[in-house]
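Novice: Have a look at the structure that comes next, please.
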Amino acid sequence: MNNKINELLRRVEEFAPQSAAALEEFRVKILGKKGELNALLEEFRSVAPEHKRELGQKINALKTAATERINLFRERFEAAAAPASSAGDMTRTGCAEELGSRHPISVVRNQIVDIFARLGYTVAEGPEIEDDRHVFSALNFPPEHPARDMQDTFFIEKNPDILLRTHTSSIQVRTMERQKPPIRVICPGRVFRNEAISYRAHCIFHQVEGLYIDKGVSFADMKQSILYFAKEMFGEQAVIRMRPSYFPFTEPSAEVDVSCNLCGGKGCNVCKGTGWLEIMGCGMVDPNVLEANGIDHKEYSGFAFGMGVERIAMLKYGVKDLRLYFENDVRFLHQFDSAL
Ligand code: PHE
């Protein structure tokens, strides 16, 4: 009897089923009503009283070992089967994932970049934290120019000046430092100006600026490129006009207006009765800027332009309050095309 118990204990300890079915078969064989353990207990009855105590304890230990081993494998098989069972109730009502939409500023920025990409412009990017040279000096800003003033610029450090860029023209400087003409880049990015936040101004906004430098680039090239842009952005009926203006880095400089697409030029409250909407600044790159960046102004000429993305988005979508673009209210954001 002792040998039988030992033999069964060894089988229990070595038992390692590959499937739940094999486990169940083993359980019935050992612990079932007509199983081997019960057969042992039957035999136990006729054991001599002096051996009963020792053999009884051994049978109990065997039963515990068998039960524990069976439970161990049962848990393993159940755990392995769990993912399938938690796929769960196929009749439960589905809960739809809500898809986000692209931010209108991104949509418009991508459209602008896309239009100029068709004219051969490639995207250039640069840092938001800049030094005086890239934002001002290399762009022909005189030392006392008001744009350097504390009121407009967020300075991080003074002497030497470290600041948040006030326009993405800084990227144009970085491009000229890196690359010989021909240069044709479009520079999208976030810019910072120390302005009180209102429905029509914000201290953070987005710009796309462009720079084209090659031999023999003329004002007419600039005008035609901007007209192409205006028609692509606002529709075939759009026309532009240019008004003389001033920027330190361009000469001559102009402000560009596009015909109001809401009233078709007749005058409405968006264009304040004028029929025109201002969309960007532009001009022929000042020879001082070319020279400050190592480009021979006798050999090369070029034009630059810059626009505010929020402003273009406002005109395109008729949104009058700039602050809406920064609040990230999904009810607002969901209204815009997410195709681009
Ligand atoms: N940098 C100018 C601005 O921030 C825009 C501009 C760019 C004007 C290039 C002319 C030429 O307002």
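Numbering starts fresh at 1 for the residues of each chain in the structure tokens, the chains themselves are lettered A, B, ... in the order given, and ligands are numbered from 1 as they appear.
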Excluding same-chain residues fewer than 6 positions from Pro181 of chain A, what lies within 10 Å of it counting only C-alpha atoms, as a short mmCIF file (atom, residue, chain, number, x, y, z; two decimals) with N, CA and C atoms, in the first residue's frame?
Specialist:
data_model
loop_
_atom_site.label_atom_id
_atom_site.label_comp_id
_atom_site.auth_asym_id
_atom_site.auth_seq_id
_atom_site.Cartn_x
_atom_site.Cartn_y
_atom_site.Cartn_z
N THR A 175 18.14 80.81 -43.41
CA THR A 175 18.25 80.15 -44.71
C THR A 175 19.35 80.79 -45.56
N TYR A 212 12.26 84.70 -51.90
CA TYR A 212 12.71 84.20 -53.20
C TYR A 212 13.89 85.05 -53.64
N ILE A 213 15.04 84.44 -53.82
CA ILE A 213 16.24 85.17 -54.28
C ILE A 213 16.86 84.43 -55.45
N ASP A 214 17.09 85.17 -56.52
CA ASP A 214 17.76 84.58 -57.68
C ASP A 214 18.27 85.73 -58.54
N LYS A 215 18.87 85.41 -59.68
CA LYS A 215 19.30 86.49 -60.58
C LYS A 215 18.07 87.06 -61.28
N ILE A 295 25.24 87.77 -49.46
CA ILE A 295 24.77 87.59 -50.84
C ILE A 295 25.05 88.88 -51.61
N ASP A 296 25.69 88.76 -52.77
CA ASP A 296 26.07 89.92 -53.56
C ASP A 296 24.83 90.57 -54.17
N TYR A 300 22.40 89.37 -57.33
CA TYR A 300 21.11 88.76 -56.98
C TYR A 300 20.10 89.79 -56.49
N SER A 301 18.83 89.48 -56.74
CA SER A 301 17.77 90.29 -56.14
C SER A 301 16.69 89.31 -55.68
N GLY A 302 15.74 89.82 -54.93
CA GLY A 302 14.72 88.89 -54.45
C GLY A 302 13.55 89.63 -53.83
#
Novice: Counting only C-alpha atoms and all ligand atoms, what are the residues of chain A within 8 Å of ligand 1, and for each of them which pair of atoms is the nearest and at what distance in Å, to one decimal? Sort the table by chain and rising number, as JSON lines.
Specialist:
{"residue": "A:Thr166", "atom": "CA", "partner": "ligand 1", "partner_atom_place_in_ligand_line": "4 (O)", "distance": 6.7}
{"residue": "A:His167", "atom": "CA", "partner": "ligand 1", "partner_atom_place_in_ligand_line": "4 (O)", "distance": 4.5}
{"residue": "A:Thr168", "atom": "CA", "partner": "ligand 1", "partner_atom_place_in_ligand_line": "1 (N)", "distance": 6.7}
{"residue": "A:Ser169", "atom": "CA", "partner": "ligand 1", "partner_atom_place_in_ligand_line": "1 (N)", "distance": 5.4}
{"residue": "A:Gln207", "atom": "CA", "partner": "ligand 1", "partner_atom_place_in_ligand_line": "4 (O)", "distance": 7.6}
{"residue": "A:Glu209", "atom": "CA", "partner": "ligand 1", "partner_atom_place_in_ligand_line": "7 (C)", "distance": 5.8}
{"residue": "A:Gly210", "atom": "CA", "partner": "ligand 1", "partner_atom_place_in_ligand_line": "9 (C)", "distance": 6.9}
{"residue": "A:Leu211", "atom": "CA", "partner": "ligand 1", "partner_atom_place_in_ligand_line": "9 (C)", "distance": 7.6}
{"residue": "A:Phe247", "atom": "CA", "partner": "ligand 1", "partner_atom_place_in_ligand_line": "10 (C)", "distance": 6.1}
{"residue": "A:Phe249", "atom": "CA", "partner": "ligand 1", "partner_atom_place_in_ligand_line": "11 (C)", "distance": 7.0}
{"residue": "A:Thr250", "atom": "CA", "partner": "ligand 1", "partner_atom_place_in_ligand_line": "11 (C)", "distance": 6.1}
{"residue": "A:Ser253", "atom": "CA", "partner": "ligand 1", "partner_atom_place_in_ligand_line": "10 (C)", "distance": 6.6}
{"residue": "A:Ala254", "atom": "CA", "partner": "ligand 1", "partner_atom_place_in_ligand_line": "10 (C)", "distance": 7.4}
{"residue": "A:Glu255", "atom": "CA", "partner": "ligand 1", "partner_atom_place_in_ligand_line": "8 (C)", "distance": 8.0}
{"residue": "A:Met280", "atom": "CA", "partner": "ligand 1", "partner_atom_place_in_ligand_line": "5 (C)", "distance": 6.9}
{"residue": "A:Gly281", "atom": "CA", "partner": "ligand 1", "partner_atom_place_in_ligand_line": "8 (C)", "distance": 4.0}
{"residue": "A:Cys282", "atom": "CA", "partner": "ligand 1", "partner_atom_place_in_ligand_line": "10 (C)", "distance": 3.6}
{"residue": "A:Gly283", "atom": "CA", "partner": "ligand 1", "partner_atom_place_in_ligand_line": "11 (C)", "distance": 5.2}
{"residue": "A:Met284", "atom": "CA", "partner": "ligand 1", "partner_atom_place_in_ligand_line": "11 (C)", "distance": 7.7}
{"residue": "A:Val285", "atom": "CA", "partner": "ligand 1", "partner_atom_place_in_ligand_line": "11 (C)", "distance": 7.6}
{"residue": "A:Phe303", "atom": "CA", "partner": "ligand 1", "partner_atom_place_in_ligand_line": "11 (C)", "distance": 7.4}
{"residue": "A:Ala304", "atom": "CA", "partner": "ligand 1", "partner_atom_place_in_ligand_line": "9 (C)", "distance": 4.4}
{"residue": "A:Phe305", "atom": "CA", "partner": "ligand 1", "partner_atom_place_in_ligand_line": "9 (C)", "distance": 3.6}
{"residue": "A:Gly306", "atom": "CA", "partner": "ligand 1", "partner_atom_place_in_ligand_line": "7 (C)", "distance": 3.7}
{"residue": "A:Met307", "atom": "CA", "partner": "ligand 1", "partner_atom_place_in_ligand_line": "5 (C)", "distance": 6.2}
Novice: Would you mind listing, for every residue of segment 306-333 of chain A within 9 Å of segment 107-122 of chain A, the two atoms forming the shortest contact and the distance between them in Å to one decimal, using only C-alpha atoms, sorted by chain and ascending residue number, as a tab-separated table?
Specialist:
residue	atom	partner	partner_atom	distance
A:Val309	CA	A:Arg109	CA	6.2
A:Glu310	CA	A:Val108	CA	8.4
A:Ile312	CA	A:Val108	CA	7.5
A:Ala313	CA	A:Val108	CA	6.2
A:Lys316	CA	A:Val108	CA	8.8
Novice: Enter the distance from atom CA of Ala230 of chain A to atom CA of Gln172 of chain A, in Å, rounded to one decimal.
Specialist: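 Going from atom CA of Ala230 of chain A over to atom CA of Gln172 of chain A covers 21.9 Å.
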Novice: Smallest atom-to-atom distance to Val330 of chain A: which of A:His103, A:Pro17, A:Lys4, A:Ala22, using only C-alpha atoms?
Specialist: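 Smallest separation from Val330 of chain A among the options: A:His103.
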Novice: Could you tell me which of A:Val319, A:Ile204, A:Val135, A:Leu99 comes closest to Pro248 of chain A if we count only C-alpha atoms?
Specialist: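 Selected residue with least distance to Pro248 of chain A: A:Val135.
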Novice: Where does DSSP see helix (DSSP H, G or I) in segment 154-311 of chain A, if you list the residues as a VMD selection string?
Specialist: chain A and resid 169 to 178 219 to 234 287 to 292 309 to 311
Novice: Any chance you can output those residues with N, CA and C atoms as a short mmCIF file (atom, residue, chain, number, x, y, z; two decimals), in the first residue's frame?
Specialist:
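So the final result, stored in part_25.cif, reads:
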data_model
loop_
_atom_site.label_atom_id
_atom_site.label_comp_id
_atom_site.auth_asym_id
_atom_site.auth_seq_id
_atom_site.Cartn_x
_atom_site.Cartn_y
_atom_site.Cartn_z
N SER A 169 10.63 86.00 -40.21
CA SER A 169 11.73 86.48 -41.08
C SER A 169 13.07 85.96 -40.57
N SER A 170 13.14 85.64 -39.26
CA SER A 170 14.36 85.08 -38.70
C SER A 170 14.75 83.78 -39.42
N ILE A 171 13.76 83.03 -39.86
CA ILE A 171 14.06 81.78 -40.58
C ILE A 171 14.68 82.11 -41.96
N GLN A 172 14.22 83.23 -42.52
CA GLN A 172 14.77 83.62 -43.82
C GLN A 172 16.25 83.97 -43.67
N VAL A 173 16.60 84.63 -42.55
CA VAL A 173 18.01 84.94 -42.31
C VAL A 173 18.80 83.64 -42.17
N ARG A 174 18.26 82.72 -41.40
CA ARG A 174 18.96 81.44 -41.20
C ARG A 174 19.12 80.69 -42.52
N THR A 175 18.14 80.81 -43.41
CA THR A 175 18.25 80.15 -44.71
C THR A 175 19.35 80.79 -45.56
N MET A 176 19.40 82.15 -45.54
CA MET A 176 20.44 82.83 -46.33
C MET A 176 21.84 82.50 -45.81
N GLU A 177 21.96 82.30 -44.49
CA GLU A 177 23.26 81.95 -43.92
C GLU A 177 23.73 80.57 -44.40
N ARG A 178 22.75 79.70 -44.59
CA ARG A 178 23.02 78.29 -44.88
C ARG A 178 23.19 78.00 -46.36
N PHE A 219 9.94 93.02 -59.23
CA PHE A 219 8.70 93.34 -58.53
C PHE A 219 7.50 92.67 -59.22
N ALA A 220 7.58 92.61 -60.58
CA ALA A 220 6.49 91.98 -61.34
C ALA A 220 6.36 90.50 -60.97
N ASP A 221 7.50 89.82 -60.74
CA ASP A 221 7.46 88.40 -60.32
C ASP A 221 6.73 88.28 -58.99
N MET A 222 7.04 89.23 -58.09
CA MET A 222 6.41 89.19 -56.77
C MET A 222 4.89 89.36 -56.90
N LYS A 223 4.51 90.37 -57.69
CA LYS A 223 3.09 90.68 -57.84
C LYS A 223 2.33 89.47 -58.40
N GLN A 224 2.93 88.83 -59.40
CA GLN A 224 2.27 87.70 -60.03
C GLN A 224 2.17 86.51 -59.07
N SER A 225 3.23 86.29 -58.28
CA SER A 225 3.20 85.17 -57.33
C SER A 225 2.11 85.39 -56.28
N ILE A 226 2.00 86.64 -55.81
CA ILE A 226 1.00 86.92 -54.77
C ILE A 226 -0.41 86.86 -55.35
N LEU A 227 -0.56 87.30 -56.60
CA LEU A 227 -1.88 87.20 -57.24
C LEU A 227 -2.29 85.72 -57.37
N TYR A 228 -1.32 84.90 -57.77
CA TYR A 228 -1.59 83.46 -57.89
C TYR A 228 -2.05 82.92 -56.54
N PHE A 229 -1.33 83.31 -55.49
CA PHE A 229 -1.69 82.85 -54.14
C PHE A 229 -3.11 83.27 -53.78
N ALA A 230 -3.43 84.56 -54.04
CA ALA A 230 -4.75 85.09 -53.65
C ALA A 230 -5.87 84.34 -54.36
N LYS A 231 -5.67 84.04 -55.62
CA LYS A 231 -6.71 83.33 -56.38
C LYS A 231 -6.87 81.89 -55.89
N GLU A 232 -5.74 81.25 -55.58
CA GLU A 232 -5.81 79.88 -55.08
C GLU A 232 -6.49 79.84 -53.71
N MET A 233 -6.21 80.86 -52.90
CA MET A 233 -6.72 80.86 -51.53
C MET A 233 -8.17 81.34 -51.46
N PHE A 234 -8.48 82.40 -52.19
CA PHE A 234 -9.81 83.03 -52.03
C PHE A 234 -10.73 82.82 -53.23
N PRO A 287 18.97 95.66 -50.34
CA PRO A 287 20.36 95.26 -50.59
C PRO A 287 21.16 95.11 -49.29
N ASN A 288 20.86 95.91 -48.27
CA ASN A 288 21.56 95.78 -46.98
C ASN A 288 21.36 94.40 -46.36
N VAL A 289 20.16 93.85 -46.54
CA VAL A 289 19.86 92.52 -45.98
C VAL A 289 20.65 91.45 -46.74
N LEU A 290 20.69 91.58 -48.06
CA LEU A 290 21.46 90.61 -48.85
C LEU A 290 22.93 90.64 -48.42
N GLU A 291 23.47 91.85 -48.31
CA GLU A 291 24.89 91.98 -47.94
C GLU A 291 25.14 91.47 -46.52
N ALA A 292 24.22 91.76 -45.59
CA ALA A 292 24.40 91.30 -44.20
C ALA A 292 24.42 89.77 -44.12
N VAL A 309 -1.42 83.84 -40.26
CA VAL A 309 -2.32 82.72 -40.59
C VAL A 309 -3.71 82.95 -40.00
N GLU A 310 -3.76 83.49 -38.76
CA GLU A 310 -5.06 83.76 -38.14
C GLU A 310 -5.87 84.73 -38.99
N ARG A 311 -5.19 85.72 -39.53
CA ARG A 311 -5.88 86.74 -40.33
C ARG A 311 -6.49 86.10 -41.59
#
Novice: Might you pull out every residue within 9 Å of Asp131 of chain A, with only C-alpha atoms counted and same-chain residues fewer than 2 positions away left off, and present them as a compact mmCIF listing (two decimals) with N, CA, C and O atoms, in the first residue's frame?
Specialist:
# COMPACT_ATOMS: atom_id res chain seq x y z
N ILE A 129 12.95 80.71 -29.99
CA ILE A 129 13.81 81.57 -29.17
C ILE A 129 15.00 81.98 -30.03
O ILE A 129 15.71 81.11 -30.57
N ARG A 133 20.42 89.23 -33.78
CA ARG A 133 20.85 89.22 -35.18
C ARG A 133 19.77 88.66 -36.10
O ARG A 133 19.43 89.26 -37.13
N HIS A 134 19.23 87.49 -35.76
CA HIS A 134 18.31 86.83 -36.69
C HIS A 134 16.95 87.49 -36.78
O HIS A 134 16.27 87.38 -37.79
N VAL A 135 16.55 88.17 -35.71
CA VAL A 135 15.23 88.81 -35.74
C VAL A 135 15.31 90.26 -36.21
O VAL A 135 14.41 90.76 -36.88
N PHE A 136 16.42 90.93 -35.87
CA PHE A 136 16.51 92.37 -36.16
C PHE A 136 17.74 92.78 -36.99
O PHE A 136 17.59 93.26 -38.11
N PRO A 160 23.90 89.89 -24.10
CA PRO A 160 23.31 89.98 -25.43
C PRO A 160 21.83 89.57 -25.38
O PRO A 160 21.44 88.76 -24.55
N ASP A 161 21.07 90.14 -26.31
CA ASP A 161 19.62 89.93 -26.29
C ASP A 161 19.21 88.53 -26.76
O ASP A 161 19.62 88.08 -27.82
N ILE A 162 18.41 87.88 -25.94
CA ILE A 162 17.77 86.61 -26.32
C ILE A 162 16.28 86.88 -26.22
O ILE A 162 15.80 87.42 -25.22
N LEU A 163 15.53 86.53 -27.26
CA LEU A 163 14.12 86.95 -27.31
C LEU A 163 13.26 85.93 -28.04
O LEU A 163 13.77 85.03 -28.70
N LEU A 164 11.95 86.10 -27.88
CA LEU A 164 11.02 85.28 -28.65
C LEU A 164 10.85 85.96 -30.01
O LEU A 164 10.64 87.17 -30.05
N ARG A 165 10.95 85.20 -31.08
CA ARG A 165 10.89 85.83 -32.40
C ARG A 165 9.55 86.55 -32.59
O ARG A 165 8.49 86.07 -32.17
Novice: One decimal, Å: what's the distance from atom CA of Tyr246 of chain A over to atom CA of Pro188 of chain A, could you say?
Specialist: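 Atom CA of Pro188 of chain A lies at a distance of 22.0 Å from atom CA of Tyr246 of chain A.
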Novice: Interatomic distance between atom CA of Gln335 of chain A and atom CA of Ala196 of chain A?
Specialist: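 We find that atom CA of Gln335 of chain A and atom CA of Ala196 of chain A lie 27.3 Å from each other.
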Novice: Taking into account only C-alpha atoms, which residue in the set A:Ala21, A:Ile240, A:Ala201, A:Cys187 is nearest to Glu125 of chain A?
Specialist: A:Cys187
